[in-house]
Amino acid sequence: MKLKTRLTLAASLALSLCGMSQAATELVIATVNNGHMIEMQKHSKTFEAANPDIKLKWVTLEEGVLRARVTTDIATKGGQFDVMTIGMYETPIWGKKGWLTELKTNAAYDVDDLLPAMRNGLSVDGKLFAAPFYGESSMLMYRKDLADKAGITVADKPTWTDIKALAAKIHDPKNGVYGICLRGKPGWGDNMAFLGPLVNTFGGQWFDMNWKPQLESKPWKDAINFYVDLLKSYGPPGSSANSFNEILALYNEGKCGMWIDATIAASFITDPKQSKVADKVAFAQAPTAVTPKGANWLWAWSLAIPAGSKKVDAATKFVTWATSKEYIDLIGKEVGWGNIPTGTRKSTYTRPEFLKVAKFAAAEKAAIDSANPNDATLPKSPYVGVQFAAIPEFQAIGTTVGQQMSAALSGKSTVDAALKASQVAAEREMKKAGYYK
């Protein structure tokens with residue numbers, strides 16, 4: 001009997017332990033392969049140690065692939081992911097459709113500390129549907145040493161005419177330095193994230209007040225011709241294949257004289273561990289042309305929980321941890337205050353440790369504060385958004401236009417032909433969606 005009792009106890013203990021191991025909730029997190037997200041994965045053990053009943057599984061994807069995967073999954077209710085990395089385009093649309101779970105945070109999270117531009121852009125009717133992991137606008141990042149050598153002082157608010165003149169002066173391909181690097185890789189969140197604001201500041205818009213696409217208008221033609229000429233004259237070869245990560249690598253190698261892109265890049269290009277030109281970089285606001293309206297974009301890579309998730313409590317714990325003041329503090333202390341995810345909280349820009357090392361802080365915050373998605377175009381527009389129009393149809397339109405613009409840049413098409421094809425495609429999508437006949 002004693003042996004039987006021992007065997008019974010052993011079996012019960014084994015079953016109990018098995019049950020405990022199965023009790024751990026696994027969160028599948030879809031994220032983008034950007035530097036700050038990779039850093040978050042490295043520190044996920046800190047979260048797991050504090051929450052031993054939760055295990056994190058990461059699905060890390062290139063930006064365009066991520067967008068396609070999470071859009072398909074949430075639209076079909078596939079349930080592949082418990083936490084999704086999405087942005088300011090998807091959040092209000094999906095929130096209105098009921099595809100996302102409202103984020104309910106506690107007092108310690110301090111939701112009022114979120115920058116207004118970020119909180120508003122991720123809310124629907126005052127309800128927060130995604131938490132910003134890092135926020136960004138766009139700004140000019142340039143090699144001050146090259147500008148000084150050329151005898152040019154860069155204004156805090158330069159024009160595109162100023163930028164072209166500086167690019168011409170510092171372009172030195174024989175020595176591996178190109179005057180300017182800009183996005184050319186096709187995608188509504190790749191080249192079009194840059195080209196949307198460029199078109200805005202040249203006086204253009206995606207749609208007029210009757211929702212008619214405006215892709216063959218004079219501002220679009222002026223902006224795209226300027227862009228193609230600028231990169232063909234002073235950009236690196238193969239620009240039509242470059243987006244954020246490709247240009248970041250070029251810049252850190254000292255191959256770009258200037259770069260207009262996401263403010264978040266500043267923390268990487270000023271990091272001596274990553275950048276060969278960390279001490280030679282300076283910052284200014286995004287260039288303007290006809291108008292300052294919509295010259296710089298507004299975006300946040302954010303964490304959201306799909307509606308219908310059976311792991312809301314665990315997912316909420318993770319989302320609030322990853323977007324908290326405490327997480328920023330963790331990265332500041334363990335990685336460096338110049339490497340924290342920025343653009344999300346007011347308190348970040350009052351931290352003396354951050355301000356001491358982040359020479360880009362003032363320019364970054366000024367860019368974020370100046371971006372207004374509700375008034376981003378010179379002619380009145382019916383949509384919200386700076387570098388995108390926050391309507392479901394925009395993703396398909398932006399992707400198609402991005403392909404055409406990349407073709408124009410690579411020389412596979414002319415600018416006029418690319419814009420004509422873009423107009424036809426946009427009109428087809430908008431008519432099909434019932435915006436007009």
# chains A, B, ... in the order shown; residues from 1 in each chain; ligands from 1

$ select_by_dssp --residues "segment 289-432 of chain A" --states "strand (DSSP E)" --output "list of chain:residue names"
A:Leu298, A:Trp299, A:Ala300, A:Trp301, A:Ser302, A:Leu303, A:Ala304

$ residues_around --residues "Lys127 of chain A" --least-positions-apart "6" --cutoff "9 Å" --atoms "only C-alpha atoms" --output "list in words"
Gly95, Glu102, Leu103 and Lys104 of chain A

$ write_last_selection --atoms "N, CA, C and O atoms" --output "tab-separated table (two decimals), in the first residue's frame"
chain	number	residue	atom	x	y	z
A	95	GLY	N	-10.33	50.58	-35.09
A	95	GLY	CA	-11.06	50.86	-33.86
A	95	GLY	C	-12.54	51.11	-34.14
A	95	GLY	O	-13.42	50.60	-33.44
A	102	GLU	N	-10.37	48.01	-26.74
A	102	GLU	CA	-10.01	49.27	-26.09
A	102	GLU	C	-8.98	49.00	-24.99
A	102	GLU	O	-9.12	48.05	-24.22
A	103	LEU	N	-7.95	49.83	-24.94
A	103	LEU	CA	-6.92	49.67	-23.92
A	103	LEU	C	-7.34	50.38	-22.64
A	103	LEU	O	-7.59	51.58	-22.64
A	104	LYS	N	-7.45	49.61	-21.59
A	104	LYS	CA	-7.82	50.18	-20.30
A	104	LYS	C	-6.63	50.08	-19.37
A	104	LYS	O	-6.24	48.98	-18.95

$ closest_atom_pairs --of "segment 135-254 of chain A" --to "segment 386-391 of chain A" --cutoff "12 Å" --atoms "only C-alpha atoms" --output "tab-separated table"
residue	atom	partner	partner_atom	distance
A:Ser137	CA	A:Val386	CA	10.0
A:Ser138	CA	A:Gln387	CA	10.5
A:Gly187	CA	A:Phe388	CA	11.6
A:Trp188	CA	A:Phe388	CA	7.9
A:Gly189	CA	A:Gln387	CA	8.5
A:Asp190	CA	A:Gln387	CA	10.4
A:Asn191	CA	A:Gln387	CA	10.2
A:Met192	CA	A:Gln387	CA	7.1
A:Ala193	CA	A:Gln387	CA	5.2
A:Phe194	CA	A:Gln387	CA	7.2
A:Leu195	CA	A:Gln387	CA	7.6
A:Gly196	CA	A:Gln387	CA	4.6
A:Pro197	CA	A:Gln387	CA	5.5
A:Leu198	CA	A:Gln387	CA	8.9
A:Val199	CA	A:Gln387	CA	9.2
A:Asn200	CA	A:Val386	CA	8.0
A:Thr201	CA	A:Val386	CA	10.6
A:Gly204	CA	A:Val386	CA	11.5
A:Gln205	CA	A:Ala389	CA	9.5
A:Trp206	CA	A:Ala389	CA	7.4
A:Phe207	CA	A:Ala389	CA	8.6
A:Asp208	CA	A:Ala389	CA	11.5
A:Trp211	CA	A:Ala389	CA	10.7
A:Pro213	CA	A:Ala389	CA	11.3

$ residues_around --residues "Ile86 of chain A" --least-positions-apart "2" --cutoff "7 Å" --atoms "only C-alpha atoms" --output "VMD selection string"
chain A and resid 84 90 to 91 301 to 304

$ write_last_selection --atoms "all heavy atoms" --output "PDB file, in the first residue's frame"
ATOM      1  N   MET A  84      -0.507  43.139 -31.814  1.00  0.00           N
ATOM      2  CA  MET A  84      -0.083  43.558 -33.154  1.00  0.00           C
ATOM      3  C   MET A  84       0.621  44.902 -33.098  1.00  0.00           C
ATOM      4  O   MET A  84       0.211  45.790 -32.357  1.00  0.00           O
ATOM      5  CB  MET A  84      -1.293  43.703 -34.079  1.00  0.00           C
ATOM      6  CG  MET A  84      -2.019  42.421 -34.414  1.00  0.00           C
ATOM      7  SD  MET A  84      -3.476  42.797 -35.427  1.00  0.00           S
ATOM      8  CE  MET A  84      -3.837  41.167 -36.096  1.00  0.00           C
ATOM      9  N   GLU A  90      -3.911  52.464 -39.341  1.00  0.00           N
ATOM     10  CA  GLU A  90      -4.828  51.358 -39.050  1.00  0.00           C
ATOM     11  C   GLU A  90      -5.677  51.598 -37.807  1.00  0.00           C
ATOM     12  O   GLU A  90      -6.868  51.244 -37.781  1.00  0.00           O
ATOM     13  CB  GLU A  90      -4.040  50.052 -38.841  1.00  0.00           C
ATOM     14  CG  GLU A  90      -3.218  49.608 -40.025  1.00  0.00           C
ATOM     15  CD  GLU A  90      -1.786  50.104 -39.965  1.00  0.00           C
ATOM     16  OE1 GLU A  90      -1.493  51.031 -39.169  1.00  0.00           O
ATOM     17  OE2 GLU A  90      -0.959  49.562 -40.721  1.00  0.00           O
ATOM     18  N   THR A  91      -5.087  52.169 -36.758  1.00  0.00           N
ATOM     19  CA  THR A  91      -5.766  52.224 -35.458  1.00  0.00           C
ATOM     20  C   THR A  91      -7.157  52.866 -35.504  1.00  0.00           C
ATOM     21  O   THR A  91      -8.132  52.257 -35.044  1.00  0.00           O
ATOM     22  CB  THR A  91      -4.879  52.924 -34.412  1.00  0.00           C
ATOM     23  OG1 THR A  91      -3.632  52.218 -34.320  1.00  0.00           O
ATOM     24  CG2 THR A  91      -5.541  52.912 -33.055  1.00  0.00           C
ATOM     25  N   TRP A 301       4.525  53.805 -34.169  1.00  0.00           N
ATOM     26  CA  TRP A 301       4.439  52.342 -34.136  1.00  0.00           C
ATOM     27  C   TRP A 301       3.882  51.998 -32.769  1.00  0.00           C
ATOM     28  O   TRP A 301       4.442  52.375 -31.739  1.00  0.00           O
ATOM     29  CB  TRP A 301       5.802  51.700 -34.350  1.00  0.00           C
ATOM     30  CG  TRP A 301       6.182  51.560 -35.788  1.00  0.00           C
ATOM     31  CD1 TRP A 301       7.259  52.104 -36.418  1.00  0.00           C
ATOM     32  CD2 TRP A 301       5.495  50.795 -36.794  1.00  0.00           C
ATOM     33  NE1 TRP A 301       7.275  51.745 -37.754  1.00  0.00           N
ATOM     34  CE2 TRP A 301       6.202  50.944 -38.003  1.00  0.00           C
ATOM     35  CE3 TRP A 301       4.328  50.011 -36.790  1.00  0.00           C
ATOM     36  CZ2 TRP A 301       5.809  50.330 -39.194  1.00  0.00           C
ATOM     37  CZ3 TRP A 301       3.929  49.400 -37.984  1.00  0.00           C
ATOM     38  CH2 TRP A 301       4.658  49.564 -39.163  1.00  0.00           C
ATOM     39  N   SER A 302       2.767  51.318 -32.774  1.00  0.00           N
ATOM     40  CA  SER A 302       1.992  51.123 -31.550  1.00  0.00           C
ATOM     41  C   SER A 302       1.613  49.660 -31.362  1.00  0.00           C
ATOM     42  O   SER A 302       1.633  48.872 -32.314  1.00  0.00           O
ATOM     43  CB  SER A 302       0.726  51.971 -31.601  1.00  0.00           C
ATOM     44  OG  SER A 302       1.061  53.309 -31.915  1.00  0.00           O
ATOM     45  N   LEU A 303       1.252  49.335 -30.142  1.00  0.00           N
ATOM     46  CA  LEU A 303       0.865  47.974 -29.806  1.00  0.00           C
ATOM     47  C   LEU A 303      -0.628  47.928 -29.535  1.00  0.00           C
ATOM     48  O   LEU A 303      -1.150  48.732 -28.755  1.00  0.00           O
ATOM     49  CB  LEU A 303       1.646  47.482 -28.590  1.00  0.00           C
ATOM     50  CG  LEU A 303       3.178  47.497 -28.750  1.00  0.00           C
ATOM     51  CD1 LEU A 303       3.863  47.092 -27.457  1.00  0.00           C
ATOM     52  CD2 LEU A 303       3.616  46.581 -29.890  1.00  0.00           C
ATOM     53  N   ALA A 304      -1.309  46.994 -30.189  1.00  0.00           N
ATOM     54  CA  ALA A 304      -2.757  46.880 -30.062  1.00  0.00           C
ATOM     55  C   ALA A 304      -3.161  45.424 -29.871  1.00  0.00           C
ATOM     56  O   ALA A 304      -2.412  44.507 -30.241  1.00  0.00           O
ATOM     57  CB  ALA A 304      -3.442  47.453 -31.300  1.00  0.00           C
TER      58      ALA A 304
END

$ residues_around --residues "Met40 of chain A" --least-positions-apart "4" --cutoff "10 Å" --atoms "only C-alpha atoms" --output "PDB file with N, CA and C atoms, in the first residue's frame"
ATOM      1  N   GLY A  35      14.913  48.921 -35.215  1.00  0.00           N
ATOM      2  CA  GLY A  35      15.853  48.812 -34.107  1.00  0.00           C
ATOM      3  C   GLY A  35      15.228  48.786 -32.727  1.00  0.00           C
ATOM      4  N   HIS A  36      14.267  49.676 -32.474  1.00  0.00           N
ATOM      5  CA  HIS A  36      13.664  49.745 -31.149  1.00  0.00           C
ATOM      6  C   HIS A  36      12.843  48.501 -30.829  1.00  0.00           C
ATOM      7  N   SER A  44      12.626  41.244 -23.342  1.00  0.00           N
ATOM      8  CA  SER A  44      11.378  40.568 -23.002  1.00  0.00           C
ATOM      9  C   SER A  44      11.531  39.637 -21.805  1.00  0.00           C
ATOM     10  N   LYS A  45      12.754  39.195 -21.515  1.00  0.00           N
ATOM     11  CA  LYS A  45      12.975  38.337 -20.347  1.00  0.00           C
ATOM     12  C   LYS A  45      12.674  39.096 -19.051  1.00  0.00           C
ATOM     13  N   THR A  46      12.876  40.399 -19.063  1.00  0.00           N
ATOM     14  CA  THR A  46      12.552  41.214 -17.891  1.00  0.00           C
ATOM     15  C   THR A  46      11.050  41.145 -17.616  1.00  0.00           C
ATOM     16  N   PHE A 133       4.469  52.820 -28.905  1.00  0.00           N
ATOM     17  CA  PHE A 133       5.755  52.303 -28.451  1.00  0.00           C
ATOM     18  C   PHE A 133       6.850  53.314 -28.772  1.00  0.00           C
ATOM     19  N   ALA A 322       5.409  47.562 -22.075  1.00  0.00           N
ATOM     20  CA  ALA A 322       6.296  47.953 -23.175  1.00  0.00           C
ATOM     21  C   ALA A 322       6.178  49.425 -23.549  1.00  0.00           C
ATOM     22  N   TYR A 327       9.513  51.196 -18.751  1.00  0.00           N
ATOM     23  CA  TYR A 327      10.264  50.568 -19.847  1.00  0.00           C
ATOM     24  C   TYR A 327      11.302  51.545 -20.399  1.00  0.00           C
ATOM     25  N   ILE A 331      15.417  50.918 -20.575  1.00  0.00           N
ATOM     26  CA  ILE A 331      16.289  51.036 -21.746  1.00  0.00           C
ATOM     27  C   ILE A 331      17.343  52.119 -21.517  1.00  0.00           C
ATOM     28  N   PRO A 341      13.203  54.602 -26.765  1.00  0.00           N
ATOM     29  CA  PRO A 341      12.140  54.909 -27.728  1.00  0.00           C
ATOM     30  C   PRO A 341      11.521  56.264 -27.382  1.00  0.00           C
TER      31      PRO A 341
END

$ atom_distance --atom1 "atom CA of Ala295 of chain A" --atom2 "atom CA of Ala150 of chain A"
25.9 Å

$ residues_around --residues "segment 77-82 of chain A" --least-positions-apart "6" --cutoff "6 Å" --atoms "only C-alpha atoms" --output "ChimeraX atom specification"
/A:27-29

$ residues_around --residues "segment 272-287 of chain A" --least-positions-apart "6" --cutoff "9 Å" --atoms "only C-alpha atoms" --output "ChimeraX atom specification"
/A:138-146,154-163,198,201,249,251-254,260-261,266,295-296,359-360,363-364,366-367

$ select_by_dssp --residues "segment 98-158 of chain A" --states "alpha helix (DSSP H)" --output "MDAnalysis selection string"
chainID A and resid 116:121 144:149

$ write_last_selection --atoms "N, CA and C atoms" --output "compact mmCIF listing (two decimals), in the first residue's frame"
# COMPACT_ATOMS: atom_id res chain seq x y z
N PRO A 116 -0.07 64.62 -26.77
CA PRO A 116 -1.42 64.74 -27.35
C PRO A 116 -1.53 64.25 -28.78
N ALA A 117 -0.52 64.55 -29.61
CA ALA A 117 -0.57 64.12 -31.01
C ALA A 117 -0.65 62.61 -31.11
N MET A 118 0.05 61.91 -30.22
CA MET A 118 0.07 60.45 -30.25
C MET A 118 -1.23 59.87 -29.69
N ARG A 119 -1.65 60.39 -28.56
CA ARG A 119 -2.87 59.86 -27.94
C ARG A 119 -4.08 60.08 -28.84
N ASN A 120 -4.19 61.27 -29.42
CA ASN A 120 -5.33 61.57 -30.29
C ASN A 120 -5.33 60.69 -31.55
N GLY A 121 -4.14 60.49 -32.09
CA GLY A 121 -4.03 59.71 -33.32
C GLY A 121 -4.33 58.23 -33.14
N LYS A 144 26.86 68.05 -40.67
CA LYS A 144 27.27 69.44 -40.44
C LYS A 144 28.71 69.68 -40.90
N ASP A 145 29.56 68.67 -40.76
CA ASP A 145 30.95 68.84 -41.19
C ASP A 145 31.04 69.11 -42.69
N LEU A 146 30.18 68.44 -43.48
CA LEU A 146 30.19 68.65 -44.93
C LEU A 146 29.58 70.00 -45.30
N ALA A 147 28.53 70.39 -44.58
CA ALA A 147 27.92 71.69 -44.82
C ALA A 147 28.90 72.81 -44.48
N ASP A 148 29.60 72.65 -43.36
CA ASP A 148 30.60 73.66 -42.95
C ASP A 148 31.72 73.77 -43.99
N LYS A 149 32.15 72.62 -44.47
CA LYS A 149 33.22 72.60 -45.47
C LYS A 149 32.79 73.31 -46.76

$ atom_distance --atom1 "atom CA of Gly203 of chain A" --atom2 "atom CA of Ser217 of chain A"
9.9 Å

$ residues_around --residues "segment 50-67 of chain A" --least-positions-apart "3" --cutoff "7 Å" --atoms "only C-alpha atoms" --output "ChimeraX atom specification"
/A:23-33,46-47,70-71,187,314

$ closest_residue --among "A:Met430, A:Lys255, A:Thr400, A:Gly184" --to "Ile224 of chain A" --atoms "only C-alpha atoms"
A:Gly184

$ atom_distance --atom1 "atom CA of Met405 of chain A" --atom2 "atom CA of Ala418 of chain A"
6.3 Å

$ decode --residues "segment 400-413 of chain A" --atoms "N, CA and C atoms" --output "PDB file, in the first residue's frame"
ATOM      1  N   THR A 400      -0.161  50.935 -54.795  1.00  0.00           N
ATOM      2  CA  THR A 400      -0.070  51.039 -56.258  1.00  0.00           C
ATOM      3  C   THR A 400       0.701  52.280 -56.679  1.00  0.00           C
ATOM      4  N   VAL A 401       0.403  53.407 -56.062  1.00  0.00           N
ATOM      5  CA  VAL A 401       1.100  54.658 -56.395  1.00  0.00           C
ATOM      6  C   VAL A 401       2.581  54.529 -56.044  1.00  0.00           C
ATOM      7  N   GLY A 402       2.885  53.894 -54.917  1.00  0.00           N
ATOM      8  CA  GLY A 402       4.270  53.688 -54.521  1.00  0.00           C
ATOM      9  C   GLY A 402       5.057  52.913 -55.562  1.00  0.00           C
ATOM     10  N   GLN A 403       4.414  51.915 -56.161  1.00  0.00           N
ATOM     11  CA  GLN A 403       5.073  51.123 -57.212  1.00  0.00           C
ATOM     12  C   GLN A 403       5.344  51.972 -58.441  1.00  0.00           C
ATOM     13  N   GLN A 404       4.395  52.821 -58.777  1.00  0.00           N
ATOM     14  CA  GLN A 404       4.569  53.701 -59.934  1.00  0.00           C
ATOM     15  C   GLN A 404       5.671  54.740 -59.697  1.00  0.00           C
ATOM     16  N   MET A 405       5.720  55.291 -58.486  1.00  0.00           N
ATOM     17  CA  MET A 405       6.748  56.289 -58.180  1.00  0.00           C
ATOM     18  C   MET A 405       8.147  55.666 -58.179  1.00  0.00           C
ATOM     19  N   SER A 406       8.240  54.442 -57.706  1.00  0.00           N
ATOM     20  CA  SER A 406       9.521  53.738 -57.718  1.00  0.00           C
ATOM     21  C   SER A 406       9.962  53.453 -59.151  1.00  0.00           C
ATOM     22  N   ALA A 407       8.996  53.141 -59.995  1.00  0.00           N
ATOM     23  CA  ALA A 407       9.297  52.907 -61.412  1.00  0.00           C
ATOM     24  C   ALA A 407       9.796  54.182 -62.083  1.00  0.00           C
ATOM     25  N   ALA A 408       9.204  55.311 -61.718  1.00  0.00           N
ATOM     26  CA  ALA A 408       9.654  56.596 -62.276  1.00  0.00           C
ATOM     27  C   ALA A 408      11.068  56.911 -61.814  1.00  0.00           C
ATOM     28  N   LEU A 409      11.364  56.597 -60.556  1.00  0.00           N
ATOM     29  CA  LEU A 409      12.696  56.867 -60.022  1.00  0.00           C
ATOM     30  C   LEU A 409      13.756  55.982 -60.660  1.00  0.00           C
ATOM     31  N   SER A 410      13.405  54.740 -60.907  1.00  0.00           N
ATOM     32  CA  SER A 410      14.380  53.800 -61.486  1.00  0.00           C
ATOM     33  C   SER A 410      14.552  53.979 -62.993  1.00  0.00           C
ATOM     34  N   GLY A 411      13.663  54.775 -63.604  1.00  0.00           N
ATOM     35  CA  GLY A 411      13.754  55.002 -65.045  1.00  0.00           C
ATOM     36  C   GLY A 411      12.931  54.029 -65.865  1.00  0.00           C
ATOM     37  N   LYS A 412      12.172  53.158 -65.199  1.00  0.00           N
ATOM     38  CA  LYS A 412      11.332  52.195 -65.916  1.00  0.00           C
ATOM     39  C   LYS A 412      10.072  52.868 -66.455  1.00  0.00           C
ATOM     40  N   SER A 413       9.787  54.061 -65.964  1.00  0.00           N
ATOM     41  CA  SER A 413       8.625  54.829 -66.418  1.00  0.00           C
ATOM     42  C   SER A 413       8.985  56.306 -66.362  1.00  0.00           C
TER      43      SER A 413
END
